[in-house]
Structures are given as C-alpha cells and as structure tokens.
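A quick write-up on the structure given underneath.
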Amino acid sequence: ALPLPTMKLILKWLLSATALLLVAYLYNGVEVRSFGAALMAALVIGLFNTILRPVLVLLTLPITFVTLGLFLFIINALMFWLASGVLDGFYVRGFGAALLGSLLYSVIGLVIESALGGLLAKK
C-alpha cells in the first residue's frame, strides 16, 4: 500500500484534473480534450504554481501591494495560460479566458477540498 501522503497527493491530482474538466464544461474559453490531457494540465499547473509562482509573487510584490493583492489573480491566470501554451489537449483562448478559467479552477478546487474536509487535511 502507498503511504498516506502519497495517496493524498494522487487523490488531489485526480481531483484537480476533474476540476479542469469541469471548468472546460462550464466555460467555452477553456478546452480539455481528454482526462489524460486534464491530468497532464493539472500536473503542469501544479508544477508552475510550485516553482514559478513564488518567484513571480516576489518579483511583483510592489504591484501586488499597491493593488491590495489583486495582482495575484493575474499571476494565477499567467500560470494557467502558460500551461496551455506548453501542452497539447489543453487550450485557453487568450488571457481573458485564462483569467476566468483560473478563477473557476480555483473556486472548484476549494469546493472539492472543503467537501473532502479532513481527508486532505495535513497531518
């Protein structure tokens, strides 16, 4: 059997891919061709958010401060859009679509995590 942290990571990855499929279903500015493409997109978005996002947040700290944190939405949209630029089967129709798609993706992700409650809680 897999260790619990690994199981949680795999479950979160699967649910993130499902959230991407839901975004594509709800909003025609985002297209996901298959569950496999959704898995790859969720992985790449997660990697970008882990590696690139902190650097961008640090570099744009003054503008983020001036905009009272609203610039973080732009950074999220850039991560979403960038992922669509490097993957086949995951398409985002422009920056506006990336902004709305990333917002939907974040909200759906929060709903999924809160619905699962303690299952994904860090221990």
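Labels used: A, B, ... for chains in the order of the structure tokens, numbers from 1 for residues in each chain, and numbers from 1 for ligands as shown.
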So which residues touch Leu52 (chain A) within 10 Å, counting only C-alpha atoms, skipping near sequence neighbours fewer than 5 positions away, as a list in words?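 The residues satisfying every condition are Ile45, Gly46, Leu47, Val57, Ile75 and Met79 of chain A.
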Write the selection just made, keeping all heavy atoms, as a short mmCIF file (atom, residue, chain, number, x, y, z; two decimals), in the first residue's frame?
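Written out: out.cif:
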```cif
data_model
loop_
_atom_site.label_atom_id
_atom_site.label_comp_id
_atom_site.auth_asym_id
_atom_site.auth_seq_id
_atom_site.Cartn_x
_atom_site.Cartn_y
_atom_site.Cartn_z
N ILE A 45 0.22 22.70 -14.21
CA ILE A 45 -0.23 23.87 -13.43
C ILE A 45 0.30 23.78 -12.01
O ILE A 45 0.78 24.76 -11.44
CB ILE A 45 -1.77 23.99 -13.45
CG1 ILE A 45 -2.26 24.38 -14.86
CG2 ILE A 45 -2.26 25.02 -12.42
CD1 ILE A 45 -3.76 24.25 -15.06
N GLY A 46 0.23 22.60 -11.43
CA GLY A 46 0.76 22.40 -10.07
C GLY A 46 2.26 22.67 -10.00
O GLY A 46 2.73 23.32 -9.05
N LEU A 47 3.00 22.20 -10.98
CA LEU A 47 4.45 22.45 -11.01
C LEU A 47 4.74 23.94 -11.17
O LEU A 47 5.62 24.48 -10.49
CB LEU A 47 5.11 21.65 -12.13
CG LEU A 47 5.24 20.15 -11.89
CD1 LEU A 47 5.76 19.45 -13.15
CD2 LEU A 47 6.17 19.87 -10.72
N VAL A 57 5.57 36.09 -7.61
CA VAL A 57 4.97 36.83 -6.48
C VAL A 57 6.03 37.74 -5.84
O VAL A 57 5.76 38.91 -5.55
CB VAL A 57 4.35 35.87 -5.44
CG1 VAL A 57 4.01 36.59 -4.16
CG2 VAL A 57 3.11 35.19 -6.02
N ILE A 75 -1.27 36.73 -11.80
CA ILE A 75 -0.24 35.69 -11.74
C ILE A 75 -0.86 34.30 -11.90
O ILE A 75 -0.34 33.46 -12.64
CB ILE A 75 0.57 35.80 -10.43
CG1 ILE A 75 1.39 37.09 -10.45
CG2 ILE A 75 1.47 34.58 -10.22
CD1 ILE A 75 2.10 37.40 -9.16
N MET A 79 -0.10 31.51 -14.94
CA MET A 79 0.27 30.10 -14.75
C MET A 79 -0.65 29.20 -15.56
O MET A 79 -0.22 28.24 -16.20
CB MET A 79 0.22 29.71 -13.27
CG MET A 79 1.17 30.46 -12.35
SD MET A 79 2.90 30.25 -12.73
CE MET A 79 3.23 31.74 -13.65
#
```
Smallest atom-to-atom distance to Leu116 (chain A): which of A:Ile10, A:Leu99, A:Leu15, A:Leu58, using only C-alpha atoms?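 So, comparing all the options, the nearest one is A:Leu15.
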Kindly give the distance, in Å, that separates CA of Leu104 (chain A) and CA of Gly69 (chain A), rounded to a single decimal.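 Between these atoms lies a distance of 18.1 Å.
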Would you pick out the contacts of Met40 (chain A) at 12 Å or less, using only C-alpha atoms, so that residues sharing its chain but fewer than 3 positions from it are not included, and give the list as number ranges by chain? A: 13-14, 16-18, 20-21, 32-37, 43-47, 83-84, 86-90
